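Following: one structure in structure tokens, then a few remarks.
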Amino acid sequence: MKTIRLNTAIPLTQISYYRFNWCIYLILIPLVVAGQDLSYLQEKYPGQTELVTDYTEHYHLSVNKNNQLIITQDNYEEMMIITDKGAGFSTSESIFFSDFHKILSYDAYTLNTINNKQRKTNVAQITEKKLDYNGVFDSDVKLKIFNFSNLNAGSKKVLKYNIEFVDPFLLHRFMFANHIANKQRTLKISHSDAIKIDYKLFNITPNELNIKKEVRKGITTITFQKTDPSILKKDNDAVGNMYEAPHLHFWITEYQTKNGVHSVLGTADKLFDYYNNFITQINQKESSDLKKFTLELIKDDVTNEDKLKTIFSWVQKNIKYIAFESGYEGFIPRDASLVFERKFGDCKDMTSIITEMAKYANVPNVNFTWIGTRELPYTYEQLPTPAVDNHMIASYIKDKEIIYLDATNANIPFGLPSGFIQGKEALIAQGNTYILSTVPEVSAEINYISDQVELTLENQKIIGKGTYLSNGLVATMYRNIIGDNARKRKDFVFSLLEKGNNKFKLINFEEIDFSNNNKPYKITYNFELDNYLVTSGNEVYINLTLGKPFQNETFETSRSQTFDHGFLHKRKHSVLLQTPSNSQIVFLPEKKSFSNELLSYTFEYSKLGTNILLEYEINIKQTLIPPLQFSLWNESIKKLKENYLETIIIKQK
């Protein structure tokens, strides 16, 4: 045996010192490596406090022994804290669930790597609360909130849970990106041979995904994986995330049991059959109270359109809009008699009472209509599932004309669709069948603003009076914003009329026909504007474009989401300047005009005796502006602003 001798020249205390430092070195190795990893992640994802290192949704579709379709989903979420700030602010995660999507099990914990080993810390607290939506009266959607502990830079939050889908028509979409950084996002769909599915990709191509299909023991699994997806941004006035966000919708087309083949989704016909089951359950009995009230309400009306106009206006003003999202209450309208009794309801309830009152008034062809608001970019051919719709209205078909009736907007004129359903496809019930129709965009000739002012000069001050008029969806928007708040009204009117510079002073104003939805909203006003004129010797320079619409509305290069104007509209400005009697007109700018697919404008100066008239008009020609047209819009605004710099010159005699 070989004997190893201890070098007695080295003190034992020094040997202990070496051993201690070696242990420190071993401990620090993973910390140094972790620090390097964090520095890399912080550099790769600037501004992000955490990173989703793994996100997976796995659907399991099967038919049980009782011939029932069973749908469950396993979820795995793993998030790494990459900055100290994230450790303080990213302490909780949550799960959405409802009567349609029930949580079967869950687990949540923190992972920290110490000495190359992962240490688990259970969550500190689990709470549950009802999810409060703005304007939603009753909702069964709840949040289960997990508060994580022992978090620092490098920690991982892990959340696992399993949910059951009660209704096969109401599956979730899968997002391949969201508003925080992701390393990878994965969707798996496993189904037996008895089940057939279909899917549709939006804003992403198969080449951008890792897609694979496996078959084992009669179970087919399709996997879709996206690595390092872009981070979704939140831009102002965006039409909706789904226009640019990469995502997937899938649906069950049919499934087979011992009793035969059961059809689910895949066509507009199947979707209508699903919807029609809901509306056939209501208004089966005549309501004597509602019928009596309806006949009294329309007693002076002669034509069917007049009757419906009266009914629609009454529902707008007397049935308060309150949303419901509780179980099938989010899909089934309530009986018109109950809505009449309560005097409140959601979009489906308002549709229910409008269609029933129309029936009592003998107005034919007033129908339940399903539609998606403009934040959903789908058609029924692209996505024949309930995900294509999020709204219900009534529609009146007269000859070949369709009038869309959305009473959830208390200020929309009869005959005009709400701004947020323009251009959208509608599914209109026709008994046991349906028709598809596209809601037209309201013309800019209807949605206009007219601002006519007359100016006189008093020393260095401008004295003005004006008439501001808005019509169509513009007036509807103003009425919705102002509401019945007196304090808000004064501030809002000032913001509409302010012009020139910050020395603008609104002396007084009067509103006309504010409460009449079917007339323009008109404001007459008087104002003063100081420190606006520029004089040089005996010459006075005046910029008559006191109002400068859109001059600051250009797109940043970082913007990535489609911009929504809300509706087509036109702005018409007229400025009449009474020149002083001891002056002459020296210079007027030439007439200018411009037009492309996004906007058009004209500027024209003219002499009216001793007065000067400027008339300029700006026309918004396209409601949605996608990212590909941002540069064109910016160039158009640049040209428009050149006209805002023009001045007239008058000379004192």
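To be explicit about the labels: the chains of the structure tokens are called A, B, and onward in the order shown, and within each one the residues are counted from 1, while ligands get numbers from 1 in the order they are shown.
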
Find the residues near Val575 in chain A: any atom within 7 Å, counting only C-alpha atoms, skip ones fewer than 6 places away on the same chain, and give them as a list in words.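 Everything that qualifies: Gln452, Val453, Glu454, Leu544, Leu613, Leu614 and Glu615 of chain A.
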
Can you list, as an mmCIF file with C-alpha atoms, in the first residue's frame, every protein, DNA or RNA residue that comes within 10 Å of Asp167 in chain A when you count only C-alpha atoms, leaving out same-chain residues fewer than 2 positions away?
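So result_32.cif came out as:
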data_model
loop_
_atom_site.group_PDB
_atom_site.id
_atom_site.type_symbol
_atom_site.label_atom_id
_atom_site.label_comp_id
_atom_site.auth_asym_id
_atom_site.auth_seq_id
_atom_site.Cartn_x
_atom_site.Cartn_y
_atom_site.Cartn_z
ATOM 1 C CA LEU A 69 -67.108 13.885 -26.199
ATOM 2 C CA ILE A 70 -64.432 14.624 -23.573
ATOM 3 C CA ILE A 71 -62.049 17.587 -24.040
ATOM 4 C CA ASP A 99 -68.575 27.063 -16.062
ATOM 5 C CA PHE A 100 -67.494 26.309 -19.638
ATOM 6 C CA HIS A 101 -63.819 25.841 -18.755
ATOM 7 C CA GLU A 164 -62.014 20.625 -19.011
ATOM 8 C CA PHE A 165 -63.984 22.125 -21.908
ATOM 9 C CA PHE A 169 -68.092 24.534 -29.763
ATOM 10 C CA LEU A 170 -66.180 26.857 -27.433
ATOM 11 C CA LEU A 171 -62.485 26.017 -27.725
#

Residue nearest Tyr532 in chain A - candidates A:Asn162, A:Gln460, A:Thr53, A:Asn259, atoms counted: only C-alpha atoms: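 Between A:Asn162, A:Gln460, A:Thr53, A:Asn259, the residue approaching Tyr532 in chain A most closely is A:Gln460.
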
Would you please extract all strand (DSSP E or B) residues from range 313-398 of chain A, as assigned by DSSP on the backbone, and give them as a ChimeraX atom specification? /A:320-321,323-325,344-345,366-371,391-398

Store the residues of this selection in a file with N, CA and C atoms, as a short mmCIF file (atom, residue, chain, number, x, y, z; two decimals), in the first residue's frame.
data_model
loop_
_atom_site.label_atom_id
_atom_site.label_comp_id
_atom_site.auth_asym_id
_atom_site.auth_seq_id
_atom_site.Cartn_x
_atom_site.Cartn_y
_atom_site.Cartn_z
N LYS A 320 -81.43 49.80 -20.46
CA LYS A 320 -80.02 50.08 -20.15
C LYS A 320 -79.16 48.89 -20.56
N TYR A 321 -78.08 49.20 -21.27
CA TYR A 321 -77.19 48.13 -21.73
C TYR A 321 -76.30 47.66 -20.58
N ALA A 323 -73.92 44.04 -19.80
CA ALA A 323 -73.48 42.78 -20.39
C ALA A 323 -73.58 41.63 -19.40
N PHE A 324 -73.85 40.45 -19.93
CA PHE A 324 -73.85 39.21 -19.16
C PHE A 324 -72.88 38.24 -19.82
N GLU A 325 -72.07 37.57 -19.01
CA GLU A 325 -71.17 36.55 -19.54
C GLU A 325 -71.13 35.37 -18.58
N PHE A 344 -83.35 46.47 -18.42
CA PHE A 344 -81.92 46.37 -18.72
C PHE A 344 -81.65 45.03 -19.40
N GLY A 345 -80.51 44.95 -20.08
CA GLY A 345 -80.13 43.71 -20.74
C GLY A 345 -78.89 43.91 -21.58
N VAL A 366 -87.89 41.36 -39.23
CA VAL A 366 -86.95 41.92 -38.25
C VAL A 366 -86.33 40.72 -37.54
N ASN A 367 -85.01 40.56 -37.63
CA ASN A 367 -84.38 39.28 -37.35
C ASN A 367 -83.22 39.37 -36.36
N PHE A 368 -83.00 38.25 -35.67
CA PHE A 368 -81.78 38.09 -34.88
C PHE A 368 -80.58 38.05 -35.82
N THR A 369 -79.52 38.75 -35.44
CA THR A 369 -78.34 38.85 -36.31
C THR A 369 -77.07 38.73 -35.47
N TRP A 370 -76.23 37.78 -35.83
CA TRP A 370 -74.95 37.60 -35.16
C TRP A 370 -73.86 38.31 -35.96
N ILE A 371 -72.92 38.90 -35.26
CA ILE A 371 -71.87 39.66 -35.95
C ILE A 371 -70.65 39.77 -35.04
N HIS A 391 -71.00 39.70 -30.86
CA HIS A 391 -72.03 40.72 -30.73
C HIS A 391 -73.31 40.22 -31.39
N MET A 392 -74.44 40.78 -30.96
CA MET A 392 -75.73 40.48 -31.60
C MET A 392 -76.51 41.77 -31.76
N ILE A 393 -77.16 41.92 -32.92
CA ILE A 393 -78.01 43.06 -33.21
C ILE A 393 -79.28 42.54 -33.88
N ALA A 394 -80.21 43.45 -34.17
CA ALA A 394 -81.36 43.12 -35.00
C ALA A 394 -81.14 43.69 -36.38
N SER A 395 -81.80 43.12 -37.37
CA SER A 395 -81.72 43.67 -38.72
C SER A 395 -83.11 43.66 -39.33
N TYR A 396 -83.38 44.67 -40.12
CA TYR A 396 -84.67 44.82 -40.78
C TYR A 396 -84.45 44.78 -42.29
N ILE A 397 -85.06 43.81 -42.94
CA ILE A 397 -84.91 43.66 -44.38
C ILE A 397 -86.16 44.18 -45.06
N LYS A 398 -85.99 45.25 -45.84
CA LYS A 398 -87.08 45.87 -46.57
C LYS A 398 -86.72 45.88 -48.04
#

Excluding range 306-311 of chain A and residues on its chain fewer than 2 positions from it, collect all residues at most 12 Å away from it, counting only C-alpha atoms, and give them as a PDB file with N, CA and C atoms, in the first residue's frame.
ATOM      1  N   LEU A 290     -96.325  43.591 -22.840  1.00  0.00           N
ATOM      2  CA  LEU A 290     -95.431  44.174 -23.843  1.00  0.00           C
ATOM      3  C   LEU A 290     -96.191  44.472 -25.128  1.00  0.00           C
ATOM      4  N   LYS A 291     -97.116  43.605 -25.499  1.00  0.00           N
ATOM      5  CA  LYS A 291     -97.889  43.843 -26.720  1.00  0.00           C
ATOM      6  C   LYS A 291     -98.750  45.087 -26.579  1.00  0.00           C
ATOM      7  N   PHE A 293     -98.240  47.630 -24.608  1.00  0.00           N
ATOM      8  CA  PHE A 293     -97.363  48.802 -24.594  1.00  0.00           C
ATOM      9  C   PHE A 293     -96.890  49.142 -26.005  1.00  0.00           C
ATOM     10  N   THR A 294     -96.516  48.127 -26.772  1.00  0.00           N
ATOM     11  CA  THR A 294     -96.010  48.349 -28.131  1.00  0.00           C
ATOM     12  C   THR A 294     -97.064  49.008 -29.013  1.00  0.00           C
ATOM     13  N   LEU A 295     -98.277  48.508 -28.965  1.00  0.00           N
ATOM     14  CA  LEU A 295     -99.341  49.057 -29.805  1.00  0.00           C
ATOM     15  C   LEU A 295     -99.668  50.498 -29.429  1.00  0.00           C
ATOM     16  N   GLU A 296     -99.580  50.813 -28.141  1.00  0.00           N
ATOM     17  CA  GLU A 296     -99.799  52.196 -27.710  1.00  0.00           C
ATOM     18  C   GLU A 296     -98.645  53.086 -28.171  1.00  0.00           C
ATOM     19  N   LEU A 297     -97.430  52.552 -28.132  1.00  0.00           N
ATOM     20  CA  LEU A 297     -96.239  53.314 -28.511  1.00  0.00           C
ATOM     21  C   LEU A 297     -96.272  53.721 -29.972  1.00  0.00           C
ATOM     22  N   ILE A 298     -96.759  52.853 -30.843  1.00  0.00           N
ATOM     23  CA  ILE A 298     -96.684  53.100 -32.293  1.00  0.00           C
ATOM     24  C   ILE A 298     -98.018  53.556 -32.885  1.00  0.00           C
ATOM     25  N   LYS A 299     -98.966  53.927 -32.054  1.00  0.00           N
ATOM     26  CA  LYS A 299    -100.327  54.206 -32.532  1.00  0.00           C
ATOM     27  C   LYS A 299    -100.381  55.318 -33.582  1.00  0.00           C
ATOM     28  N   ASP A 300     -99.433  56.247 -33.551  1.00  0.00           N
ATOM     29  CA  ASP A 300     -99.448  57.363 -34.506  1.00  0.00           C
ATOM     30  C   ASP A 300     -98.590  57.107 -35.736  1.00  0.00           C
ATOM     31  N   ASP A 301     -97.930  55.966 -35.780  1.00  0.00           N
ATOM     32  CA  ASP A 301     -97.054  55.654 -36.908  1.00  0.00           C
ATOM     33  C   ASP A 301     -97.840  54.938 -38.005  1.00  0.00           C
ATOM     34  N   VAL A 302     -97.510  55.265 -39.250  1.00  0.00           N
ATOM     35  CA  VAL A 302     -98.239  54.707 -40.392  1.00  0.00           C
ATOM     36  C   VAL A 302     -97.450  53.604 -41.077  1.00  0.00           C
ATOM     37  N   THR A 303     -96.220  53.894 -41.460  1.00  0.00           N
ATOM     38  CA  THR A 303     -95.427  52.927 -42.219  1.00  0.00           C
ATOM     39  C   THR A 303     -94.695  51.983 -41.273  1.00  0.00           C
ATOM     40  N   ASN A 304     -94.289  50.839 -41.814  1.00  0.00           N
ATOM     41  CA  ASN A 304     -93.516  49.878 -41.022  1.00  0.00           C
ATOM     42  C   ASN A 304     -92.200  50.481 -40.550  1.00  0.00           C
ATOM     43  N   SER A 313     -85.931  53.529 -31.123  1.00  0.00           N
ATOM     44  CA  SER A 313     -85.599  54.693 -30.298  1.00  0.00           C
ATOM     45  C   SER A 313     -85.993  54.458 -28.846  1.00  0.00           C
ATOM     46  N   TRP A 314     -87.151  53.835 -28.632  1.00  0.00           N
ATOM     47  CA  TRP A 314     -87.576  53.573 -27.239  1.00  0.00           C
ATOM     48  C   TRP A 314     -86.619  52.611 -26.547  1.00  0.00           C
ATOM     49  N   VAL A 315     -86.218  51.551 -27.243  1.00  0.00           N
ATOM     50  CA  VAL A 315     -85.291  50.585 -26.639  1.00  0.00           C
ATOM     51  C   VAL A 315     -83.955  51.257 -26.335  1.00  0.00           C
ATOM     52  N   GLN A 316     -83.465  52.087 -27.245  1.00  0.00           N
ATOM     53  CA  GLN A 316     -82.209  52.806 -27.015  1.00  0.00           C
ATOM     54  C   GLN A 316     -82.237  53.607 -25.720  1.00  0.00           C
ATOM     55  N   LYS A 317     -83.337  54.325 -25.505  1.00  0.00           N
ATOM     56  CA  LYS A 317     -83.410  55.274 -24.399  1.00  0.00           C
ATOM     57  C   LYS A 317     -83.893  54.658 -23.090  1.00  0.00           C
ATOM     58  N   ASN A 318     -84.534  53.487 -23.159  1.00  0.00           N
ATOM     59  CA  ASN A 318     -85.185  52.966 -21.957  1.00  0.00           C
ATOM     60  C   ASN A 318     -84.672  51.614 -21.476  1.00  0.00           C
ATOM     61  N   ILE A 319     -83.949  50.892 -22.318  1.00  0.00           N
ATOM     62  CA  ILE A 319     -83.344  49.626 -21.883  1.00  0.00           C
ATOM     63  C   ILE A 319     -81.857  49.873 -21.692  1.00  0.00           C
ATOM     64  N   MET A 350     -81.490  43.094 -25.984  1.00  0.00           N
ATOM     65  CA  MET A 350     -82.025  44.209 -26.762  1.00  0.00           C
ATOM     66  C   MET A 350     -82.529  43.723 -28.123  1.00  0.00           C
ATOM     67  N   THR A 351     -81.832  42.779 -28.701  1.00  0.00           N
ATOM     68  CA  THR A 351     -82.290  42.189 -29.958  1.00  0.00           C
ATOM     69  C   THR A 351     -83.596  41.443 -29.756  1.00  0.00           C
ATOM     70  N   ILE A 353     -86.000  41.998 -27.520  1.00  0.00           N
ATOM     71  CA  ILE A 353     -87.168  42.869 -27.329  1.00  0.00           C
ATOM     72  C   ILE A 353     -87.496  43.638 -28.611  1.00  0.00           C
ATOM     73  N   ILE A 354     -86.490  44.012 -29.407  1.00  0.00           N
ATOM     74  CA  ILE A 354     -86.759  44.703 -30.675  1.00  0.00           C
ATOM     75  C   ILE A 354     -87.512  43.776 -31.631  1.00  0.00           C
ATOM     76  N   THR A 355     -87.047  42.552 -31.777  1.00  0.00           N
ATOM     77  CA  THR A 355     -87.699  41.625 -32.706  1.00  0.00           C
ATOM     78  C   THR A 355     -89.107  41.269 -32.238  1.00  0.00           C
ATOM     79  N   GLU A 356     -89.315  41.151 -30.937  1.00  0.00           N
ATOM     80  CA  GLU A 356     -90.644  40.795 -30.424  1.00  0.00           C
ATOM     81  C   GLU A 356     -91.615  41.966 -30.547  1.00  0.00           C
ATOM     82  N   MET A 357     -91.153  43.181 -30.234  1.00  0.00           N
ATOM     83  CA  MET A 357     -92.017  44.358 -30.396  1.00  0.00           C
ATOM     84  C   MET A 357     -92.367  44.574 -31.864  1.00  0.00           C
ATOM     85  N   ALA A 358     -91.413  44.302 -32.753  1.00  0.00           N
ATOM     86  CA  ALA A 358     -91.693  44.412 -34.191  1.00  0.00           C
ATOM     87  C   ALA A 358     -92.769  43.417 -34.608  1.00  0.00           C
ATOM     88  N   LYS A 359     -92.734  42.233 -34.016  1.00  0.00           N
ATOM     89  CA  LYS A 359     -93.758  41.219 -34.327  1.00  0.00           C
ATOM     90  C   LYS A 359     -95.139  41.692 -33.867  1.00  0.00           C
ATOM     91  N   TYR A 360     -95.203  42.274 -32.659  1.00  0.00           N
ATOM     92  CA  TYR A 360     -96.481  42.791 -32.160  1.00  0.00           C
ATOM     93  C   TYR A 360     -96.977  43.955 -33.024  1.00  0.00           C
ATOM     94  N   ALA A 361     -96.043  44.705 -33.618  1.00  0.00           N
ATOM     95  CA  ALA A 361     -96.413  45.848 -34.459  1.00  0.00           C
ATOM     96  C   ALA A 361     -96.663  45.442 -35.905  1.00  0.00           C
ATOM     97  N   ASN A 362     -96.564  44.123 -36.182  1.00  0.00           N
ATOM     98  CA  ASN A 362     -96.768  43.592 -37.534  1.00  0.00           C
ATOM     99  C   ASN A 362     -95.753  44.140 -38.544  1.00  0.00           C
ATOM    100  N   VAL A 363     -94.547  44.387 -38.068  1.00  0.00           N
ATOM    101  CA  VAL A 363     -93.455  44.774 -38.963  1.00  0.00           C
ATOM    102  C   VAL A 363     -92.704  43.494 -39.337  1.00  0.00           C
ATOM    103  N   PRO A 364     -92.722  43.080 -40.595  1.00  0.00           N
ATOM    104  CA  PRO A 364     -92.116  41.794 -40.969  1.00  0.00           C
ATOM    105  C   PRO A 364     -90.600  41.880 -41.128  1.00  0.00           C
ATOM    106  N   ASN A 365     -89.994  40.695 -41.058  1.00  0.00           N
ATOM    107  CA  ASN A 365     -88.572  40.516 -41.397  1.00  0.00           C
ATOM    108  C   ASN A 365     -87.629  41.347 -40.534  1.00  0.00           C
ATOM    109  N   VAL A 366     -87.893  41.356 -39.234  1.00  0.00           N
ATOM    110  CA  VAL A 366     -86.951  41.916 -38.251  1.00  0.00           C
ATOM    111  C   VAL A 366     -86.333  40.719 -37.542  1.00  0.00           C
ATOM    112  N   ALA A 394     -80.207  43.447 -34.167  1.00  0.00           N
ATOM    113  CA  ALA A 394     -81.360  43.118 -34.996  1.00  0.00           C
ATOM    114  C   ALA A 394     -81.139  43.693 -36.384  1.00  0.00           C
ATOM    115  N   SER A 395     -81.796  43.124 -37.366  1.00  0.00           N
ATOM    116  CA  SER A 395     -81.719  43.669 -38.720  1.00  0.00           C
ATOM    117  C   SER A 395     -83.109  43.657 -39.333  1.00  0.00           C
ATOM    118  N   TYR A 396     -83.381  44.668 -40.120  1.00  0.00           N
ATOM    119  CA  TYR A 396     -84.672  44.823 -40.784  1.00  0.00           C
ATOM    120  C   TYR A 396     -84.448  44.782 -42.289  1.00  0.00           C
ATOM    121  N   ILE A 397     -85.061  43.810 -42.940  1.00  0.00           N
ATOM    122  CA  ILE A 397     -84.906  43.660 -44.377  1.00  0.00           C
ATOM    123  C   ILE A 397     -86.161  44.185 -45.058  1.00  0.00           C
ATOM    124  N   LYS A 398     -85.988  45.246 -45.839  1.00  0.00           N
ATOM    125  CA  LYS A 398     -87.084  45.874 -46.569  1.00  0.00           C
ATOM    126  C   LYS A 398     -86.715  45.879 -48.040  1.00  0.00           C
ATOM    127  N   ILE A 403     -81.411  47.249 -42.896  1.00  0.00           N
ATOM    128  CA  ILE A 403     -81.125  48.265 -41.883  1.00  0.00           C
ATOM    129  C   ILE A 403     -80.674  47.539 -40.619  1.00  0.00           C
ATOM    130  N   TYR A 404     -79.484  47.888 -40.135  1.00  0.00           N
ATOM    131  CA  TYR A 404     -78.906  47.232 -38.966  1.00  0.00           C
ATOM    132  C   TYR A 404     -79.241  48.042 -37.715  1.00  0.00           C
ATOM    133  N   LEU A 405     -79.773  47.353 -36.702  1.00  0.00           N
ATOM    134  CA  LEU A 405     -80.303  48.004 -35.506  1.00  0.00           C
ATOM    135  C   LEU A 405     -79.514  47.564 -34.279  1.00  0.00           C
ATOM    136  N   ALA A 407     -79.050  48.633 -30.693  1.00  0.00           N
ATOM    137  CA  ALA A 407     -79.554  49.502 -29.620  1.00  0.00           C
ATOM    138  C   ALA A 407     -78.581  49.620 -28.458  1.00  0.00           C
ATOM    139  N   ILE A 412     -76.976  56.166 -31.612  1.00  0.00           N
ATOM    140  CA  ILE A 412     -76.848  55.929 -33.050  1.00  0.00           C
ATOM    141  C   ILE A 412     -78.159  56.286 -33.744  1.00  0.00           C
ATOM    142  N   PRO A 413     -78.131  57.015 -34.849  1.00  0.00           N
ATOM    143  CA  PRO A 413     -79.372  57.315 -35.568  1.00  0.00           C
ATOM    144  C   PRO A 413     -79.957  56.058 -36.199  1.00  0.00           C
ATOM    145  N   PHE A 414     -81.273  56.013 -36.279  1.00  0.00           N
ATOM    146  CA  PHE A 414     -81.938  54.910 -36.965  1.00  0.00           C
ATOM    147  C   PHE A 414     -81.468  54.883 -38.422  1.00  0.00           C
ATOM    148  N   GLY A 415     -81.082  53.712 -38.876  1.00  0.00           N
ATOM    149  CA  GLY A 415     -80.638  53.570 -40.263  1.00  0.00           C
ATOM    150  C   GLY A 415     -79.140  53.474 -40.426  1.00  0.00           C
ATOM    151  N   LEU A 416     -78.385  53.840 -39.385  1.00  0.00           N
ATOM    152  CA  LEU A 416     -76.923  53.741 -39.456  1.00  0.00           C
ATOM    153  C   LEU A 416     -76.438  52.592 -38.573  1.00  0.00           C
ATOM    154  N   ASN A 517     -80.954  62.170 -31.723  1.00  0.00           N
ATOM    155  CA  ASN A 517     -79.985  61.353 -32.466  1.00  0.00           C
ATOM    156  C   ASN A 517     -80.091  61.511 -33.971  1.00  0.00           C
ATOM    157  N   ASN A 518     -81.272  61.831 -34.441  1.00  0.00           N
ATOM    158  CA  ASN A 518     -81.516  61.847 -35.879  1.00  0.00           C
ATOM    159  C   ASN A 518     -81.245  63.198 -36.525  1.00  0.00           C
TER     160      ASN A 518
END

I want to know what sits within 12 Å of range 650-653 of chain A, based on only C-alpha atoms, with residues of the same chain fewer than 2 positions away left out; could you give that as a PyMOL selection string? chain A and resi 457+533-543+577-588+610-612+647-648

Go ahead and dump the residues you just picked, N, CA and C atoms, as an mmCIF file, in the first residue's frame.
data_model
loop_
_atom_site.group_PDB
_atom_site.id
_atom_site.type_symbol
_atom_site.label_atom_id
_atom_site.label_comp_id
_atom_site.auth_asym_id
_atom_site.auth_seq_id
_atom_site.Cartn_x
_atom_site.Cartn_y
_atom_site.Cartn_z
ATOM 1 N N LEU A 457 -60.720 91.834 -36.789
ATOM 2 C CA LEU A 457 -59.471 92.189 -36.111
ATOM 3 C C LEU A 457 -59.709 93.378 -35.203
ATOM 4 N N LEU A 533 -51.638 87.334 -34.380
ATOM 5 C CA LEU A 533 -51.228 88.084 -35.562
ATOM 6 C C LEU A 533 -49.738 88.377 -35.535
ATOM 7 N N VAL A 534 -49.138 88.443 -36.714
ATOM 8 C CA VAL A 534 -47.727 88.821 -36.845
ATOM 9 C C VAL A 534 -47.661 90.086 -37.704
ATOM 10 N N THR A 535 -47.064 91.136 -37.185
ATOM 11 C CA THR A 535 -46.960 92.395 -37.933
ATOM 12 C C THR A 535 -45.503 92.715 -38.224
ATOM 13 N N SER A 536 -45.301 93.304 -39.387
ATOM 14 C CA SER A 536 -43.975 93.773 -39.783
ATOM 15 C C SER A 536 -44.172 95.086 -40.532
ATOM 16 N N GLY A 537 -43.848 96.180 -39.860
ATOM 17 C CA GLY A 537 -44.114 97.489 -40.438
ATOM 18 C C GLY A 537 -45.609 97.700 -40.543
ATOM 19 N N ASN A 538 -46.080 97.977 -41.751
ATOM 20 C CA ASN A 538 -47.513 98.169 -41.931
ATOM 21 C C ASN A 538 -48.180 96.938 -42.554
ATOM 22 N N GLU A 539 -47.486 95.784 -42.521
ATOM 23 C CA GLU A 539 -48.046 94.544 -43.046
ATOM 24 C C GLU A 539 -48.444 93.614 -41.901
ATOM 25 N N VAL A 540 -49.559 92.931 -42.089
ATOM 26 C CA VAL A 540 -50.058 91.977 -41.095
ATOM 27 C C VAL A 540 -50.124 90.595 -41.748
ATOM 28 N N TYR A 541 -49.511 89.613 -41.103
ATOM 29 C CA TYR A 541 -49.482 88.232 -41.590
ATOM 30 C C TYR A 541 -50.449 87.408 -40.723
ATOM 31 N N ILE A 542 -51.370 86.697 -41.383
ATOM 32 C CA ILE A 542 -52.369 85.911 -40.644
ATOM 33 C C ILE A 542 -52.458 84.514 -41.250
ATOM 34 N N ASN A 543 -52.352 83.532 -40.384
ATOM 35 C CA ASN A 543 -52.583 82.136 -40.781
ATOM 36 C C ASN A 543 -54.052 81.826 -40.503
ATOM 37 N N LEU A 577 -62.679 86.280 -43.056
ATOM 38 C CA LEU A 577 -62.009 87.381 -42.366
ATOM 39 C C LEU A 577 -62.506 88.717 -42.917
ATOM 40 N N GLN A 578 -63.054 89.536 -42.036
ATOM 41 C CA GLN A 578 -63.430 90.900 -42.407
ATOM 42 C C GLN A 578 -62.200 91.785 -42.234
ATOM 43 N N THR A 579 -61.629 92.220 -43.341
ATOM 44 C CA THR A 579 -60.412 93.033 -43.251
ATOM 45 C C THR A 579 -60.770 94.459 -42.829
ATOM 46 N N PRO A 580 -59.852 95.112 -42.122
ATOM 47 C CA PRO A 580 -60.109 96.495 -41.696
ATOM 48 C C PRO A 580 -60.327 97.403 -42.908
ATOM 49 N N SER A 581 -61.111 98.461 -42.727
ATOM 50 C CA SER A 581 -61.456 99.367 -43.825
ATOM 51 C C SER A 581 -60.243 100.100 -44.375
ATOM 52 N N ASN A 582 -59.218 100.292 -43.545
ATOM 53 C CA ASN A 582 -58.024 101.029 -43.981
ATOM 54 C C ASN A 582 -56.916 100.085 -44.431
ATOM 55 N N SER A 583 -57.271 98.939 -45.040
ATOM 56 C CA SER A 583 -56.254 97.962 -45.446
ATOM 57 C C SER A 583 -56.543 97.453 -46.842
ATOM 58 N N GLN A 584 -55.527 96.814 -47.412
ATOM 59 C CA GLN A 584 -55.695 96.177 -48.709
ATOM 60 C C GLN A 584 -55.065 94.790 -48.667
ATOM 61 N N ILE A 585 -55.604 93.901 -49.503
ATOM 62 C CA ILE A 585 -55.106 92.524 -49.538
ATOM 63 C C ILE A 585 -53.880 92.466 -50.438
ATOM 64 N N VAL A 586 -52.757 92.023 -49.886
ATOM 65 C CA VAL A 586 -51.494 91.970 -50.623
ATOM 66 C C VAL A 586 -51.242 90.584 -51.217
ATOM 67 N N PHE A 587 -51.534 89.541 -50.443
ATOM 68 C CA PHE A 587 -51.179 88.186 -50.905
ATOM 69 C C PHE A 587 -52.185 87.164 -50.400
ATOM 70 N N LEU A 588 -52.598 86.261 -51.319
ATOM 71 C CA LEU A 588 -53.401 85.086 -50.981
ATOM 72 C C LEU A 588 -52.727 83.856 -51.581
ATOM 73 N N THR A 610 -64.148 93.180 -49.819
ATOM 74 C CA THR A 610 -62.974 93.508 -48.994
ATOM 75 C C THR A 610 -62.657 92.391 -48.007
ATOM 76 N N ASN A 611 -63.394 91.300 -48.064
ATOM 77 C CA ASN A 611 -63.188 90.190 -47.140
ATOM 78 C C ASN A 611 -62.391 89.066 -47.810
ATOM 79 N N ILE A 612 -61.858 88.174 -46.955
ATOM 80 C CA ILE A 612 -61.097 87.010 -47.432
ATOM 81 C C ILE A 612 -61.792 85.751 -46.931
ATOM 82 N N THR A 647 -49.823 81.700 -45.112
ATOM 83 C CA THR A 647 -50.371 82.913 -44.488
ATOM 84 C C THR A 647 -50.860 83.876 -45.565
ATOM 85 N N ILE A 648 -51.811 84.709 -45.172
ATOM 86 C CA ILE A 648 -52.229 85.814 -46.030
ATOM 87 C C ILE A 648 -51.530 87.083 -45.542
#

For Tyr434 in chain A, which of A:Leu271, A:Ile126, A:Ile231, A:Leu61 is the closest residue, counting only C-alpha atoms? A:Leu271

Using the chain letters and numbers from this document, which residues of range 445-516 of chain A does DSSP assign to alpha helix (DSSP H), as a list in words? Gly472, Leu473, Val474, Ala475, Thr476, Met477, Tyr478, Arg479, Asn480, Ile481, Ile482, Ala486, Arg487, Lys488, Arg489, Lys490, Asp491, Phe492, Val493, Phe494, Ser495, Leu496 and Leu497 of chain A
